[in-house]
Amino acid sequence: MKRIRILFLSFAISFGLPLFFAKNQLVFASSDRGSVSQTVTSKVLNQATYGSQVSGDTQETVDIILKPQNGSALENYVYNTVTPGSPQYRKYVTASQFGRLYGNTGVGQAVIKYLNSFGLHSSLSSDDLIIQTTGATSKIESAFQTSIYQAKYHGKSFRAAKKNPSLPLQYSNKILGVLGLTTYNTLTTNVQKLPSSLSKSGSTQNTLSSYPSSPQSFASRYNLNQLYKEGLTGAGQQMDIISLADFNPADAYSYWKALNVSVPSNKLNVINVDGGSGWDGSDETSLDVEQSGALAPQAKINVYIGPNTDTGFFDALSTAVNQDKAAQLSVSWGESETEISQAVSQGVETPVYAQIFNLIFEQASAEGISSFVASGDQGAYDATKDAATYDLAVDNPADSPFVVAAGGTTIPFSETLSDGTNISVKNERAWSWDYLYGYFDKKGLSSTAIGLADYFVGGGGGFSKFFATPRYQQAISGVNRYTALQYWQSSSPFTTVQRLQPAVSSSGSGTGRNVPDVSLNADPETGYAVYYSSGTGQAAVWDGPYGGTSFVAPQLNAVSAVINSGRKSRIGFWNPQIYRFAKSKNSPFNPLDSSSDNNNLFYTGTKGTIYNQDTGLGTVDFQKLRQSFGQN
């Protein structure tokens with residue numbers, strides 16, 4: 001069964017609809033219809049090769065998301081759940097309670113009536129925000145007055161509605177956008193593997209012990225071991241992993257066995273959403289599960305796997321939040337704000353696309369679920385991975401104010417590369433490969449597009465263009481102010497770039513949600529092994545070293561489970577709490593505020609500040625963090 005999602009923004013509760021009946025179908029004149037935007041760029045639609053029309057009897061499923069009622073009250077409630085002294089402190093809602101308080105049943109039922117008049121079958125989810133509608137493609141096409149074709153672009157097959165879909169004005173004016181009628185997308189993992197050209201001279205890495213880092217070294221470095229000594233191992237907790245690629249659960253059990261980590265035999269629960277996904281990205285799903293499971297050995301893991309489409313991504317996330325099985329979840333997939341903005345500027349994407357995911361993360365926060373999202377692996381230039389531009393950009397959904405944006409560092413190390421180049425990083429710093437630029441220059445990597453990509457590697461960070469500075473970041477020293485070391489020069493439309501030698505120092509101010517929130521080891525040079533299969537029936541292999549903020553998000557997921565295992569109530573929405581802790585005398589954070597040898601290819605530290613855009617609040621002492629959260 002194929003699946004489509006339609007995202008609605010409802011501004012009015014009552015409709016006052018002029019309805020006309022013909023054969024039990026609600027009929028509107030063509031002048032009473034309005035276009036709704038698709039989440040795919042016109043470049044793709046114009047350059048794609050189209051085949052036959054999708055068979056009319058193909059079964060489709062449509063998800064419709066409604067804007068909640070009392071949006072400002074919802075935000076205040078979320079903050080109150082983590083504000084000591086508030087009547088709502090640590091009092092979270094279930095998904096059904098969320099629906100009764102903030103859902104939009106009246107609007108949902110009106111939309112359901114319209115869709116069902118075409119012979120579709122619809123229902124409203126427990127949070128009263130998502131309408132699920134199923135039926136034949138021909139009926140979907142009739143409801144939206146469009147046609148859906150098979151298409152191919154750059155070797156990627158997808159389905160596309162060449163004609164922009166439309167709905168009655170009374171509905172289209174309330175629609176956020178259409179996801180799924182056209183299924184092309186640019187979602188990528190935030191994982192980075194060390195190129196073979198950078199392998200150590202004479203080294204082999206076919207055993208677990210030959211990789212630089214492990215979950216055990218992570219636990220030791222960031223003082224998670226102290227929580228283990230106190231008997232906290234994640235017992236009684238569940239963790240949700242949201243991913244867009246299949247994996248072999250047996251690989252994870254083999255990984256934990258190789259680490260001598262004892263886990264429950266029923267530790268993993270795989271939930272395939274919308275039929276699940278293929279194997280492209282199986283290393284990502286495997287590492288998410290392996291890292292979180294090793295660090296919270298007695299916690300159980302729910303792996304929600306959706307197709308690698310906008311629809312699959314949202315459905316996997318919203319399913320986890322509505323099922324509300326776990327007090328924490330992590331996501332390691334995303335796309336740059338620039339890629340989304342390009343689609344918006346071409347009229348094929350709703351301007352509030354990011355609000356779709358932000359809303360679900362806000363609902364998660366209301367339920368007391370702590371969310372952790374990878375901030376990206378292209379340093380301050382996140383758009384190089386999908387929009388092929390060189391503007392300063394951050395990743396979505398890590399830009400959501402309701403998630404902990406997980407950034408990356410490089411821990412101290414020294415090595416000799418295959419050509420004899422000596423590398424030495426003496427202190428933990430923001431992750432970027434600026435320390436390898438000399439080696440890259442000698443190899444002439446910048447002469448090719450693939451080679452140039454190695455220059456743009458590091459922990460994501462900067463300023464969101466989609467979201468305002470959240471209240472928890474306000475009045476924090478370093479927020480909306482920055483120090484920078486500029487290596488590259490590009491001007492609008494940012495499609496070309498020129499190297500600056502020497503790099504230029506500067507400082508300035510910014511606006512918007514500052515990314516990331518915290519940072520931990522993510523550099524492949526100081527990275528991890530992954531044990532995974534690349535397909536059904538394929539033998540698993542040890543591979544790496546891997547890095548990326550993809551590791552940090554599930555690691556924080558595990559830390560949350562460990563801390564929650566010693567509590568009566570969920571920690572809930574981390575951010576207002578951790579920024580408050582960062583201002584205390586016994587802060588659990590170590591700000592990386594040096595302005596030298598510490599950057600994400602643009603942003604550096606600013607001496608004496610609490611916050612820096614390359615690493616956020618910095619690294620974490622998890623024993624201190626647990627103490628800061630308190631016992632209840």
# chains A, B, ... in the order shown; residues from 1 in each chain; ligands from 1

$ closest_atom_pairs --of "segment 529-580 of chain A" --to "segment 262-282 of chain A" --cutoff "8 Å" --atoms "only C-alpha atoms" --output "Markdown table"
| residue | atom | partner | partner_atom | distance |
| --- | --- | --- | --- | --- |
| A:Tyr532 | CA | A:Ser282 | CA | 7.1 |
| A:Ser533 | CA | A:Ser282 | CA | 7.1 |
| A:Ser534 | CA | A:Ser282 | CA | 6.2 |
| A:Gly535 | CA | A:Trp279 | CA | 5.7 |

$ residues_around --residues "Ala398 of chain A" --least-positions-apart "5" --cutoff "9 Å" --atoms "only C-alpha atoms" --output "VMD selection string"
chain A and resid 331 334 372 to 376 403 to 406 515 to 516

$ residues_around --residues "Asp240 of chain A" --least-positions-apart "2" --cutoff "8 Å" --atoms "only C-alpha atoms" --output "list in words"
Gln238, Ile242, Ile301, Asn302, Val303, Tyr304, Ala320, Lys325, Ala326, Gln328, Leu329 and Ser330 of chain A

$ residues_around --residues "Phe313 of chain A" --least-positions-apart "2" --cutoff "10 Å" --atoms "only C-alpha atoms" --output "ChimeraX atom specification"
/A:187,242-244,273-274,304-311,315-318,331,333-334,357

$ residues_around --residues "Ala387 of chain A" --least-positions-apart "6" --cutoff "8 Å" --atoms "only C-alpha atoms" --output "list in words"
Ser336, Thr338 and Glu339 of chain A

$ residues_around --residues "segment 383-386 of chain A" --least-positions-apart "5" --cutoff "8 Å" --atoms "only C-alpha atoms" --output "ChimeraX atom specification"
/A:186,335-339,378,391-394,453,456

$ write_last_selection --atoms "N, CA, C and O atoms" --output "PDB file, in the first residue's frame"
ATOM      1  N   THR A 186      15.038  14.925  -0.633  1.00  0.00           N
ATOM      2  CA  THR A 186      16.491  15.036  -0.474  1.00  0.00           C
ATOM      3  C   THR A 186      16.936  14.686   0.943  1.00  0.00           C
ATOM      4  O   THR A 186      17.989  15.124   1.397  1.00  0.00           O
ATOM      5  N   GLU A 335      17.450  17.577   6.262  1.00  0.00           N
ATOM      6  CA  GLU A 335      17.819  18.324   5.066  1.00  0.00           C
ATOM      7  C   GLU A 335      18.064  19.772   5.467  1.00  0.00           C
ATOM      8  O   GLU A 335      17.610  20.235   6.517  1.00  0.00           O
ATOM      9  N   SER A 336      18.790  20.486   4.626  1.00  0.00           N
ATOM     10  CA  SER A 336      19.168  21.851   4.972  1.00  0.00           C
ATOM     11  C   SER A 336      17.994  22.804   4.842  1.00  0.00           C
ATOM     12  O   SER A 336      17.067  22.588   4.050  1.00  0.00           O
ATOM     13  N   GLU A 337      18.024  23.864   5.625  1.00  0.00           N
ATOM     14  CA  GLU A 337      17.010  24.905   5.495  1.00  0.00           C
ATOM     15  C   GLU A 337      17.056  25.521   4.099  1.00  0.00           C
ATOM     16  O   GLU A 337      16.020  25.929   3.559  1.00  0.00           O
ATOM     17  N   THR A 338      18.238  25.588   3.503  1.00  0.00           N
ATOM     18  CA  THR A 338      18.356  26.159   2.154  1.00  0.00           C
ATOM     19  C   THR A 338      17.580  25.338   1.139  1.00  0.00           C
ATOM     20  O   THR A 338      16.896  25.889   0.264  1.00  0.00           O
ATOM     21  N   GLU A 339      17.689  24.012   1.205  1.00  0.00           N
ATOM     22  CA  GLU A 339      16.955  23.149   0.286  1.00  0.00           C
ATOM     23  C   GLU A 339      15.454  23.388   0.411  1.00  0.00           C
ATOM     24  O   GLU A 339      14.736  23.478  -0.591  1.00  0.00           O
ATOM     25  N   GLN A 378      28.190  18.978   7.780  1.00  0.00           N
ATOM     26  CA  GLN A 378      28.881  19.856   6.826  1.00  0.00           C
ATOM     27  C   GLN A 378      29.305  21.166   7.474  1.00  0.00           C
ATOM     28  O   GLN A 378      29.465  22.183   6.807  1.00  0.00           O
ATOM     29  N   ASP A 391      26.151  28.674   1.088  1.00  0.00           N
ATOM     30  CA  ASP A 391      25.698  29.679   2.043  1.00  0.00           C
ATOM     31  C   ASP A 391      25.719  29.077   3.440  1.00  0.00           C
ATOM     32  O   ASP A 391      25.714  27.859   3.624  1.00  0.00           O
ATOM     33  N   LEU A 392      25.755  29.936   4.444  1.00  0.00           N
ATOM     34  CA  LEU A 392      25.697  29.467   5.817  1.00  0.00           C
ATOM     35  C   LEU A 392      24.288  28.943   6.083  1.00  0.00           C
ATOM     36  O   LEU A 392      23.298  29.639   5.856  1.00  0.00           O
ATOM     37  N   ALA A 393      24.176  27.707   6.575  1.00  0.00           N
ATOM     38  CA  ALA A 393      22.861  27.095   6.746  1.00  0.00           C
ATOM     39  C   ALA A 393      22.910  26.047   7.852  1.00  0.00           C
ATOM     40  O   ALA A 393      23.965  25.481   8.148  1.00  0.00           O
ATOM     41  N   VAL A 394      21.751  25.793   8.450  1.00  0.00           N
ATOM     42  CA  VAL A 394      21.619  24.745   9.463  1.00  0.00           C
ATOM     43  C   VAL A 394      20.630  23.697   8.967  1.00  0.00           C
ATOM     44  O   VAL A 394      19.963  23.873   7.951  1.00  0.00           O
ATOM     45  N   ALA A 453      34.098  18.256  -1.525  1.00  0.00           N
ATOM     46  CA  ALA A 453      33.178  17.906  -0.447  1.00  0.00           C
ATOM     47  C   ALA A 453      33.914  17.582   0.841  1.00  0.00           C
ATOM     48  O   ALA A 453      33.399  17.831   1.940  1.00  0.00           O
ATOM     49  N   PHE A 456      34.297  20.375   3.277  1.00  0.00           N
ATOM     50  CA  PHE A 456      33.103  20.849   3.985  1.00  0.00           C
ATOM     51  C   PHE A 456      32.551  19.740   4.881  1.00  0.00           C
ATOM     52  O   PHE A 456      31.489  19.182   4.646  1.00  0.00           O
TER      53      PHE A 456
END

$ select_by_dssp --residues "segment 447-541 of chain A" --states "alpha helix (DSSP H)" --output "ChimeraX atom specification"
/A:449-453

$ write_last_selection --atoms "all heavy atoms" --output "tab-separated table (two decimals), in the first residue's frame"
chain	number	residue	atom	x	y	z
A	449	ALA	N	34.52	18.07	-7.70
A	449	ALA	CA	33.38	18.30	-6.82
A	449	ALA	C	33.40	17.32	-5.65
A	449	ALA	O	33.10	17.69	-4.51
A	449	ALA	CB	32.08	18.18	-7.60
A	450	ILE	N	33.76	16.06	-5.93
A	450	ILE	CA	33.81	15.06	-4.86
A	450	ILE	C	34.91	15.41	-3.88
A	450	ILE	O	34.73	15.35	-2.66
A	450	ILE	CB	34.03	13.66	-5.45
A	450	ILE	CG1	32.81	13.25	-6.29
A	450	ILE	CG2	34.27	12.64	-4.34
A	450	ILE	CD1	32.96	11.92	-6.98
A	451	GLY	N	36.07	15.80	-4.39
A	451	GLY	CA	37.17	16.17	-3.52
A	451	GLY	C	36.85	17.39	-2.69
A	451	GLY	O	37.18	17.47	-1.50
A	452	LEU	N	36.19	18.37	-3.30
A	452	LEU	CA	35.84	19.59	-2.59
A	452	LEU	C	34.93	19.28	-1.41
A	452	LEU	O	34.99	19.96	-0.37
A	452	LEU	CB	35.17	20.58	-3.53
A	452	LEU	CG	34.82	21.96	-2.95
A	452	LEU	CD1	36.07	22.68	-2.47
A	452	LEU	CD2	34.08	22.80	-3.99
A	453	ALA	N	34.10	18.26	-1.53
A	453	ALA	CA	33.18	17.91	-0.45
A	453	ALA	C	33.91	17.58	0.84
A	453	ALA	O	33.40	17.83	1.94
A	453	ALA	CB	32.30	16.72	-0.87

$ closest_residue --among "A:Val78, A:Ala366, A:Ala503, A:Leu295" --to "Val321 of chain A" --atoms "only C-alpha atoms"
A:Ala366

$ residues_around --residues "Gln150 of chain A" --least-positions-apart "2" --cutoff "6 Å" --atoms "only C-alpha atoms" --output "number ranges by chain"
A: 50-52, 159

$ write_last_selection --atoms "N, CA, C and O atoms" --output "mmCIF file, in the first residue's frame"
data_model
loop_
_atom_site.group_PDB
_atom_site.id
_atom_site.type_symbol
_atom_site.label_atom_id
_atom_site.label_comp_id
_atom_site.auth_asym_id
_atom_site.auth_seq_id
_atom_site.Cartn_x
_atom_site.Cartn_y
_atom_site.Cartn_z
ATOM 1 N N TYR A 50 8.932 11.144 -17.489
ATOM 2 C CA TYR A 50 7.666 10.602 -17.026
ATOM 3 C C TYR A 50 7.281 9.356 -17.810
ATOM 4 O O TYR A 50 7.457 9.275 -19.025
ATOM 5 N N GLY A 51 6.720 8.399 -17.089
ATOM 6 C CA GLY A 51 6.229 7.188 -17.708
ATOM 7 C C GLY A 51 4.712 7.161 -17.688
ATOM 8 O O GLY A 51 4.049 8.172 -17.881
ATOM 9 N N SER A 52 4.177 6.008 -17.385
ATOM 10 C CA SER A 52 2.729 5.841 -17.399
ATOM 11 C C SER A 52 2.079 6.421 -16.155
ATOM 12 O O SER A 52 2.734 6.655 -15.135
ATOM 13 N N ARG A 159 7.028 8.953 -7.754
ATOM 14 C CA ARG A 159 5.737 9.281 -8.329
ATOM 15 C C ARG A 159 5.546 10.781 -8.291
ATOM 16 O O ARG A 159 5.991 11.445 -7.345
#

$ select_by_dssp --residues "segment 433-610 of chain A" --states "strand (DSSP E or B)" --output "ChimeraX atom specification"
/A:458,462-463,481-489,498-509,514-515,518-521,528-532,541-547,589-590,599,603-604

$ decode --residues "segment 522-536 of chain A" --atoms "N, CA, C and O atoms" --output "PDB file, in the first residue's frame"
ATOM      1  N   ALA A 522      32.287  13.458  17.475  1.00  0.00           N
ATOM      2  CA  ALA A 522      31.607  13.069  16.235  1.00  0.00           C
ATOM      3  C   ALA A 522      32.555  12.962  15.045  1.00  0.00           C
ATOM      4  O   ALA A 522      32.118  12.655  13.939  1.00  0.00           O
ATOM      5  N   ASP A 523      33.819  13.221  15.227  1.00  0.00           N
ATOM      6  CA  ASP A 523      34.779  13.211  14.124  1.00  0.00           C
ATOM      7  C   ASP A 523      35.145  11.775  13.758  1.00  0.00           C
ATOM      8  O   ASP A 523      35.546  10.998  14.630  1.00  0.00           O
ATOM      9  N   PRO A 524      35.014  11.382  12.492  1.00  0.00           N
ATOM     10  CA  PRO A 524      35.434  10.035  12.108  1.00  0.00           C
ATOM     11  C   PRO A 524      36.892   9.742  12.447  1.00  0.00           C
ATOM     12  O   PRO A 524      37.261   8.582  12.676  1.00  0.00           O
ATOM     13  N   GLU A 525      37.728  10.775  12.462  1.00  0.00           N
ATOM     14  CA  GLU A 525      39.133  10.576  12.845  1.00  0.00           C
ATOM     15  C   GLU A 525      39.246  10.051  14.266  1.00  0.00           C
ATOM     16  O   GLU A 525      40.215   9.391  14.623  1.00  0.00           O
ATOM     17  N   THR A 526      38.265  10.363  15.094  1.00  0.00           N
ATOM     18  CA  THR A 526      38.237   9.854  16.471  1.00  0.00           C
ATOM     19  C   THR A 526      36.951   9.061  16.678  1.00  0.00           C
ATOM     20  O   THR A 526      36.344   9.095  17.743  1.00  0.00           O
ATOM     21  N   GLY A 527      36.547   8.331  15.626  1.00  0.00           N
ATOM     22  CA  GLY A 527      35.218   7.757  15.576  1.00  0.00           C
ATOM     23  C   GLY A 527      35.103   6.293  15.938  1.00  0.00           C
ATOM     24  O   GLY A 527      35.963   5.716  16.608  1.00  0.00           O
ATOM     25  N   TYR A 528      34.039   5.689  15.426  1.00  0.00           N
ATOM     26  CA  TYR A 528      33.533   4.422  15.916  1.00  0.00           C
ATOM     27  C   TYR A 528      33.418   3.381  14.806  1.00  0.00           C
ATOM     28  O   TYR A 528      33.342   3.707  13.628  1.00  0.00           O
ATOM     29  N   ALA A 529      33.319   2.133  15.233  1.00  0.00           N
ATOM     30  CA  ALA A 529      33.011   1.040  14.317  1.00  0.00           C
ATOM     31  C   ALA A 529      31.507   0.862  14.232  1.00  0.00           C
ATOM     32  O   ALA A 529      30.777   1.118  15.189  1.00  0.00           O
ATOM     33  N   VAL A 530      31.039   0.400  13.077  1.00  0.00           N
ATOM     34  CA  VAL A 530      29.646   0.014  12.901  1.00  0.00           C
ATOM     35  C   VAL A 530      29.646  -1.406  12.358  1.00  0.00           C
ATOM     36  O   VAL A 530      30.414  -1.738  11.446  1.00  0.00           O
ATOM     37  N   TYR A 531      28.795  -2.245  12.910  1.00  0.00           N
ATOM     38  CA  TYR A 531      28.651  -3.627  12.438  1.00  0.00           C
ATOM     39  C   TYR A 531      27.292  -3.742  11.783  1.00  0.00           C
ATOM     40  O   TYR A 531      26.256  -3.580  12.442  1.00  0.00           O
ATOM     41  N   TYR A 532      27.276  -3.977  10.468  1.00  0.00           N
ATOM     42  CA  TYR A 532      25.988  -3.932   9.784  1.00  0.00           C
ATOM     43  C   TYR A 532      25.990  -4.759   8.510  1.00  0.00           C
ATOM     44  O   TYR A 532      27.033  -5.070   7.933  1.00  0.00           O
ATOM     45  N   SER A 533      24.781  -5.092   8.073  1.00  0.00           N
ATOM     46  CA  SER A 533      24.539  -5.758   6.798  1.00  0.00           C
ATOM     47  C   SER A 533      24.020  -4.725   5.806  1.00  0.00           C
ATOM     48  O   SER A 533      23.314  -3.794   6.187  1.00  0.00           O
ATOM     49  N   SER A 534      24.331  -4.903   4.553  1.00  0.00           N
ATOM     50  CA  SER A 534      23.899  -3.952   3.523  1.00  0.00           C
ATOM     51  C   SER A 534      22.687  -4.442   2.741  1.00  0.00           C
ATOM     52  O   SER A 534      22.281  -3.805   1.775  1.00  0.00           O
ATOM     53  N   GLY A 535      22.096  -5.567   3.154  1.00  0.00           N
ATOM     54  CA  GLY A 535      20.919  -6.076   2.469  1.00  0.00           C
ATOM     55  C   GLY A 535      20.519  -7.431   3.002  1.00  0.00           C
ATOM     56  O   GLY A 535      21.255  -8.068   3.778  1.00  0.00           O
ATOM     57  N   THR A 536      19.336  -7.893   2.609  1.00  0.00           N
ATOM     58  CA  THR A 536      18.845  -9.190   3.048  1.00  0.00           C
ATOM     59  C   THR A 536      19.787 -10.294   2.578  1.00  0.00           C
ATOM     60  O   THR A 536      20.146 -10.364   1.404  1.00  0.00           O
TER      61      THR A 536
END
